[in-house]
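Q: Coordinates in data.txt, compact mmCIF, C-alpha atoms, are listed below.
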# COMPACT_ATOMS: atom_id res chain seq x y z
CA MET A 1 -37.29 99.87 30.65
CA LYS A 2 -34.35 97.54 30.12
CA ASN A 3 -34.23 96.62 33.82
CA ARG A 4 -37.99 96.19 33.85
CA ARG A 5 -37.85 93.77 30.93
CA LEU A 6 -34.98 91.95 32.62
CA PHE A 7 -36.77 91.10 35.84
CA TRP A 8 -39.88 90.01 33.92
CA ARG A 9 -37.67 87.67 31.95
CA ILE A 10 -36.53 86.15 35.25
CA VAL A 11 -40.15 85.82 36.37
CA GLU A 12 -40.99 83.93 33.18
CA GLN A 13 -37.99 81.63 33.54
CA ILE A 14 -38.76 80.78 37.16
CA GLU A 15 -42.43 80.16 36.31
CA GLN A 16 -41.32 77.86 33.50
CA ALA A 17 -39.02 76.01 35.91
CA ILE A 18 -41.95 75.58 38.32
CA GLU A 19 -44.20 74.22 35.58
CA GLN A 20 -41.50 71.80 34.43
CA GLY A 21 -41.08 70.48 37.97
CA GLU A 22 -37.61 71.87 38.61
CA TYR A 23 -39.08 73.70 41.60
CA ALA A 24 -41.90 71.56 43.01
CA VAL A 25 -44.89 72.88 44.93
CA GLY A 26 -43.90 73.14 48.57
CA SER A 27 -40.18 73.35 47.84
CA ARG A 28 -38.00 76.30 48.72
CA LEU A 29 -36.39 78.34 45.96
CA PRO A 30 -32.60 78.60 46.04
CA PRO A 31 -31.15 81.58 47.94
CA GLU A 32 -31.12 84.97 46.26
CA ARG A 33 -27.38 84.75 45.63
CA GLU A 34 -27.69 81.40 43.82
CA LEU A 35 -30.56 82.64 41.66
CA ALA A 36 -28.57 85.75 40.73
CA GLU A 37 -25.66 83.55 39.63
CA LYS A 38 -27.90 81.10 37.78
CA PHE A 39 -29.68 83.77 35.75
CA ASP A 40 -26.61 86.04 35.52
CA VAL A 41 -28.38 89.09 36.93
CA SER A 42 -28.03 91.30 39.97
CA ARG A 43 -29.58 90.44 43.31
CA PRO A 44 -31.90 93.49 43.17
CA THR A 45 -33.27 92.11 39.90
CA ILE A 46 -33.94 88.79 41.64
CA ARG A 47 -35.72 90.63 44.46
CA GLU A 48 -37.98 92.39 41.94
CA ALA A 49 -38.72 89.06 40.27
CA ILE A 50 -39.62 87.44 43.61
CA ILE A 51 -41.99 90.30 44.42
CA ALA A 52 -43.68 89.83 41.04
CA LEU A 53 -43.93 86.07 41.56
CA GLU A 54 -45.50 86.65 44.97
CA VAL A 55 -48.08 89.02 43.50
CA ARG A 56 -48.83 86.41 40.82
CA GLU A 57 -49.30 83.87 43.67
CA ARG A 58 -46.58 81.57 42.39
CA VAL A 59 -44.46 81.82 45.54
CA GLU A 60 -44.86 82.69 49.21
CA VAL A 61 -42.17 84.64 51.04
CA LYS A 62 -41.72 83.50 54.64
CA THR A 63 -39.59 85.89 56.67
CA GLY A 64 -36.56 84.17 58.13
CA SER A 65 -37.30 80.96 56.25
CA GLY A 66 -37.21 81.55 52.51
CA VAL A 67 -39.30 81.67 49.35
CA TYR A 68 -41.62 78.71 48.78
CA VAL A 69 -43.42 77.55 45.64
CA VAL A 70 -47.20 77.41 46.05
CA ASN A 71 -49.95 75.84 43.99
CA GLN A 72 -51.38 78.60 41.81
CA ASN A 73 -54.79 76.93 41.88
CA GLY A 74 -54.82 77.21 45.65
CA THR A 75 -55.24 73.48 46.27
CA ASP A 76 -52.09 73.33 48.36
CA ASN A 77 -52.26 76.75 50.02
CA VAL A 78 -53.58 75.27 53.27
CA THR A 79 -50.76 72.75 53.31
CA GLN A 80 -48.18 75.50 52.86
CA LYS A 81 -49.47 77.30 55.96
CA ILE A 82 -49.22 74.26 58.23
CA ASN A 83 -46.22 74.44 60.52
CA ALA A 84 -44.40 71.76 62.47
CA PHE A 85 -46.14 72.69 65.74
CA GLU A 86 -49.61 72.31 64.24
CA LEU A 87 -48.66 69.04 62.58
CA THR A 88 -47.18 67.61 65.78
CA GLN A 89 -50.22 68.61 67.82
CA ALA A 90 -52.55 67.02 65.25
CA ARG A 91 -50.49 63.83 65.24
CA ALA A 92 -50.58 63.70 69.03
CA LEU A 93 -54.37 63.93 69.08
CA VAL A 94 -54.94 61.44 66.27
CA GLU A 95 -52.19 58.95 67.09
CA GLY A 96 -53.06 59.03 70.78
CA GLU A 97 -56.49 57.65 69.95
CA ILE A 98 -55.00 55.29 67.38
CA ALA A 99 -52.75 53.85 70.09
CA ALA A 100 -55.69 53.48 72.47
CA LEU A 101 -57.71 51.62 69.85
CA ALA A 102 -54.73 49.52 68.78
CA ALA A 103 -54.26 48.33 72.36
CA ASN A 104 -57.46 46.30 71.95
CA SER A 105 -56.77 44.94 68.47
CA ILE A 106 -53.01 44.59 67.98
CA THR A 107 -51.82 41.04 67.36
CA ASP A 108 -48.78 39.24 68.74
CA GLU A 109 -47.29 39.28 65.25
CA GLU A 110 -47.67 43.05 65.04
CA LEU A 111 -46.16 43.44 68.49
CA ALA A 112 -43.17 41.41 67.28
CA LYS A 113 -42.81 43.77 64.31
CA LEU A 114 -42.98 46.76 66.68
CA HIS A 115 -40.24 45.26 68.82
CA HIS A 116 -38.10 44.83 65.70
CA THR A 117 -38.39 48.57 64.97
CA LEU A 118 -37.14 49.29 68.49
CA VAL A 119 -34.05 47.22 67.73
CA MET A 120 -33.59 49.20 64.50
CA MET A 121 -33.81 52.50 66.43
CA GLU A 122 -30.67 51.60 68.34
CA ASP A 123 -28.78 52.31 65.10
CA LYS A 124 -28.88 56.02 64.20
CA GLU A 125 -28.69 55.14 60.52
CA TYR A 126 -32.11 53.48 60.62
CA ILE A 127 -33.93 55.53 63.25
CA GLU A 128 -36.02 57.57 60.78
CA GLU A 129 -37.08 54.49 58.84
CA ALA A 130 -37.83 52.62 62.06
CA ASP A 131 -39.85 55.55 63.41
CA GLN A 132 -42.15 55.54 60.39
CA MET A 133 -42.55 51.76 60.53
CA PHE A 134 -43.36 51.90 64.25
CA HIS A 135 -46.18 54.42 63.91
CA GLN A 136 -47.46 52.82 60.72
CA ILE A 137 -47.74 49.37 62.31
CA ILE A 138 -49.78 50.82 65.16
CA SER A 139 -52.16 52.62 62.79
CA GLN A 140 -52.65 49.50 60.68
CA SER A 141 -53.34 47.39 63.76
CA THR A 142 -56.52 49.42 64.41
CA ARG A 143 -58.17 47.72 61.39
CA ASN A 144 -59.82 51.10 60.75
CA SER A 145 -59.28 52.27 57.16
CA ALA A 146 -60.34 55.84 57.94
CA LEU A 147 -57.79 56.18 60.75
CA ILE A 148 -55.11 54.56 58.62
CA ASN A 149 -55.84 57.08 55.86
CA VAL A 150 -55.69 59.99 58.31
CA PHE A 151 -52.39 58.71 59.68
CA ASP A 152 -50.93 58.39 56.15
CA SER A 153 -52.06 61.94 55.33
CA LEU A 154 -50.51 63.39 58.48
CA TRP A 155 -47.28 61.51 57.88
CA ALA A 156 -47.15 62.80 54.30
CA LEU A 157 -47.35 66.36 55.64
CA ARG A 158 -43.93 65.81 57.26
CA SER A 159 -42.41 66.20 53.81
CA SER A 160 -44.96 68.66 52.42
CA SER A 161 -42.72 71.71 52.87
CA THR A 162 -39.05 72.39 53.39
CA ALA A 163 -39.83 74.32 56.59
CA ILE A 164 -41.48 71.31 58.25
CA VAL A 165 -38.70 69.00 57.05
CA ASP A 166 -36.06 71.33 58.47
CA ASP A 167 -37.87 71.59 61.81
CA TYR A 168 -38.29 67.84 62.11
CA ASN A 169 -34.65 67.31 61.20
CA MET A 170 -33.73 69.55 64.14
CA VAL A 171 -35.75 67.30 66.46
CA CYS A 172 -34.29 64.11 64.99
CA SER A 173 -30.78 65.41 65.64
CA THR A 174 -31.37 65.33 69.41
CA ASP A 175 -30.62 62.48 71.82
CA ASN A 176 -31.94 59.29 70.21
CA ARG A 177 -32.04 57.54 73.59
CA LYS A 178 -35.09 59.58 74.57
CA THR A 179 -36.81 58.73 71.31
CA LEU A 180 -36.12 55.03 71.86
CA ALA A 181 -37.32 55.21 75.48
CA GLU A 182 -40.58 56.87 74.45
CA HIS A 183 -41.28 54.33 71.73
CA THR A 184 -40.47 51.54 74.17
CA ALA A 185 -43.04 52.94 76.63
CA ILE A 186 -45.68 52.94 73.88
CA TYR A 187 -44.75 49.37 72.94
CA GLN A 188 -44.98 48.18 76.54
CA ALA A 189 -48.42 49.77 76.98
CA LEU A 190 -49.64 48.05 73.82
CA SER A 191 -48.14 44.76 74.98
CA LYS A 192 -50.24 45.03 78.14
CA ARG A 193 -53.30 45.94 76.06
CA ASP A 194 -53.67 49.05 78.22
CA ALA A 195 -55.51 51.62 76.11
CA SER A 196 -55.21 54.50 78.59
CA GLN A 197 -51.48 53.95 79.11
CA ALA A 198 -50.89 53.64 75.36
CA ARG A 199 -52.67 56.95 74.74
CA ASN A 200 -50.70 58.69 77.51
CA ALA A 201 -47.38 57.29 76.30
CA MET A 202 -48.09 58.55 72.78
CA HIS A 203 -49.05 61.99 74.11
CA GLU A 204 -45.85 62.19 76.18
CA HIS A 205 -43.82 61.32 73.10
CA PHE A 206 -45.30 64.13 71.01
CA ASN A 207 -45.28 66.58 73.90
CA ARG A 208 -41.50 66.23 74.13
CA LEU A 209 -41.19 66.74 70.37
CA ILE A 210 -43.11 70.02 70.62
CA ASN A 211 -40.93 71.19 73.52
CA VAL A 212 -37.76 70.28 71.62
CA LEU A 213 -39.04 72.25 68.63
CA PHE A 214 -39.56 75.30 70.84
CA ASP A 215 -36.10 74.88 72.40
CA LYS A 216 -34.42 74.62 69.01
CA LEU A 217 -36.25 77.61 67.53
CA GLU A 218 -35.53 79.65 70.65
CA ALA A 219 -31.84 78.79 70.36
CA GLN A 220 -31.89 79.85 66.70
CA ALA A 221 -33.57 83.14 67.57
CA LEU A 222 -31.04 83.84 70.32
CA GLU A 223 -28.17 83.06 67.97
CA GLU A 224 -29.61 85.45 65.38
CA VAL A 225 -29.94 88.20 68.01
CA ARG A 226 -26.37 87.53 69.13
CA ARG A 227 -25.12 87.70 65.53
CA LYS A 228 -26.89 91.01 64.90
CA ASN A 229 -25.66 92.47 68.20
CA ASN A 230 -22.08 91.51 67.37
CA ALA A 231 -22.40 93.13 63.95
CA ASN A 232 -23.84 96.31 65.47
CA ARG A 233 -21.21 96.30 68.20
CA ASP A 234 -18.51 96.31 65.54
CA LEU A 235 -20.33 98.98 63.55
CA TYR A 236 -20.78 101.41 66.44
CA SER A 237 -17.63 100.56 68.36
CA ILE A 238 -15.57 103.61 69.34
CA ASP A 239 -12.45 101.55 68.70
CA ASN A 240 -13.66 100.93 65.17
CA ILE A 241 -14.24 104.64 64.60
CA VAL A 242 -10.75 105.42 65.85
CA LYS A 243 -9.26 102.82 63.50
CA LEU A 244 -11.13 104.35 60.56
CA ARG A 245 -9.78 107.84 61.41
CA SER A 246 -6.20 106.72 61.92
Can the structure from this file be put into structure tokens for me?
A:
Amino acid sequence: MKNRRLFWRIVEQIEQAIEQGEYAVGSRLPPERELAEKFDVSRPTIREAIIALEVRERVEVKTGSGVYVVNQNGTDNVTQKINAFELTQARALVEGEIAALAANSITDEELAKLHHTLVMMEDKEYIEEADQMFHQIISQSTRNSALINVFDSLWALRSSSTAIVDDYNMVCSTDNRKTLAEHTAIYQALSKRDASQARNAMHEHFNRLINVLFDKLEAQALEEVRRKNNANRDLYSIDNIVKLRS
């Protein structure tokens, strides 16, 4: 009964932390080890608390990723299930058409602003800021409030969960020269007021992002398999058994 009361106490404390904003909806809870140290309990007690929190629909456990805070009212449950692949595909579809429409309405002043973001992208320190500005300028140049709102919503999803943020950070850590080249191709298509070329350039940009995501996740999976194989190799090694007996 003492242990039972203990893990319920942890449940109540974590729920209180969620309600006070310490752990925001969409954020990932600290690792099990950190929680055990913070609440001065054993890791099994933390596991029991997490199970209880999941049953109470306060968190969602994602295998291989972590424990995420969810909206108990269910308003953000859909958001929590969106992954980086779905988001990137949606952006490709929407922003492809945005680029096509913008090709017919973008002004010389907006093109000059786009060019400035390309200059910013040459500096790794500003590439993320420049990327957002680039896509935002194109959406605003459509003069379509509905499309601008959709773009803003999709962009906001990039920071809606730690999993998406982590996945996008993996992509952003790749060769920036390709990112710059793709944005330059989009800019050039818009400069020529070529709607079809602008749409295709935007699609090619997002298609590479999706492929990079797959490559990165595949590399992670292979590394995890390699780590487990190495651990098992040591465990079942005949040499290891001999050492234990000697």
Q: Rounded to one decimal in Å, what is the spacing between CA of Ala201 in chain A and CA of Ala99 in chain A?
A: 8.9 Å
Q: Nearest to Arg91 in chain A: which of A:Glu19, A:Glu60, A:Glu204, A:Asp167 is it, counting all atoms listed in the file?
A: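 Comparing A:Glu19, A:Glu60, A:Glu204, A:Asp167 against Arg91 in chain A, the winner is A:Glu204.
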Q: One decimal, in Å: what's the spacing between CA of Ala198 in chain A and CA of Phe85 in chain A?
A: 21.9 Å
Q: So how far away is CA of Ile164 in chain A from CA of Phe39 in chain A, in Å?
A: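 If I compute the distance from CA of Phe39 in chain A to CA of Ile164 in chain A, I get 28.3 Å.
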Q: Tell me which of A:Tyr168, A:Tyr126, A:Tyr23, A:Trp155 sits closest to Ala84 in chain A, counting only C-alpha atoms.
A: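 Ranking A:Tyr168, A:Tyr126, A:Tyr23, A:Trp155 by distance to Ala84 in chain A, first place goes to A:Tyr168.
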Q: Extract, using all atoms listed in the file, all DNA, RNA and protein residues at most 7 Å from Val69 in chain A, discarding same-chain residues fewer than 5 positions from it, and format them as a PDB file with C-alpha atoms, keeping the file's coordinate frame.
A:
ATOM      1  CA  ALA A  24     -41.900  71.560  43.010  1.00  0.00           C
ATOM      2  CA  VAL A  25     -44.890  72.880  44.930  1.00  0.00           C
ATOM      3  CA  GLY A  26     -43.900  73.140  48.570  1.00  0.00           C
ATOM      4  CA  SER A  27     -40.180  73.350  47.840  1.00  0.00           C
ATOM      5  CA  ARG A  28     -38.000  76.300  48.720  1.00  0.00           C
ATOM      6  CA  ARG A  58     -46.580  81.570  42.390  1.00  0.00           C
ATOM      7  CA  VAL A  59     -44.460  81.820  45.540  1.00  0.00           C
ATOM      8  CA  GLU A  60     -44.860  82.690  49.210  1.00  0.00           C
TER       9      GLU A  60
END
Q: Counting only C-alpha atoms, what is within 8 Å of Ala130 in chain A, bar same-chain residues fewer than 2 positions away, as a ChimeraX atom specification?
A: /A:117-118,120-121,126-128,132-134
Q: Extract, using only C-alpha atoms, all DNA, RNA and protein residues at most 8 Å from range 45-50 of chain A, discarding same-chain residues fewer than 5 positions from it, and format them as an MDAnalysis selection string.
A: chainID A and resid 3 6:8 10:11 32 35:36 59
Q: Go ahead and save the residues from that selection, with C-alpha atoms, as a JSON list (two decimals), keeping the file's coordinate frame.
A:
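Wrote it out as selection.json, contents follow:
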[["chain", "number", "residue", "atom", "x", "y", "z"],
["A", 3, "ASN", "CA", -34.23, 96.62, 33.82],
["A", 6, "LEU", "CA", -34.98, 91.95, 32.62],
["A", 7, "PHE", "CA", -36.77, 91.10, 35.84],
["A", 8, "TRP", "CA", -39.88, 90.01, 33.92],
["A", 10, "ILE", "CA", -36.53, 86.15, 35.25],
["A", 11, "VAL", "CA", -40.15, 85.82, 36.37],
["A", 32, "GLU", "CA", -31.12, 84.97, 46.26],
["A", 35, "LEU", "CA", -30.56, 82.64, 41.66],
["A", 36, "ALA", "CA", -28.57, 85.75, 40.73],
["A", 59, "VAL", "CA", -44.46, 81.82, 45.54]]
Q: Which protein, DNA or RNA residues are at most 6 Å from (-57.3, 53.3, 65.2) in the file's coordinates when you count all atoms listed in the file, listed as a ChimeraX atom specification?
A: /A:98,101-102,139,142,144,147
Q: Check the smallest atom-to-atom distance from each of A:Ile18, A:Ala90, A:Val67, A:Ala163 to Glu54 in chain A using only C-alpha atoms, then report the winner.
A: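 Answer, going by the shortest atom-to-atom distance: A:Val67.
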Q: Identify, on the basis of all atoms listed in the file, every residue whose closest approach to Tyr187 in chain A does not exceed 8 Å; exclude the query and any residue fewer than 3 positions from it along the same chain; express the result as a PyMOL selection string.
A: chain A and resi 111+114-115+183-184+190-191+198
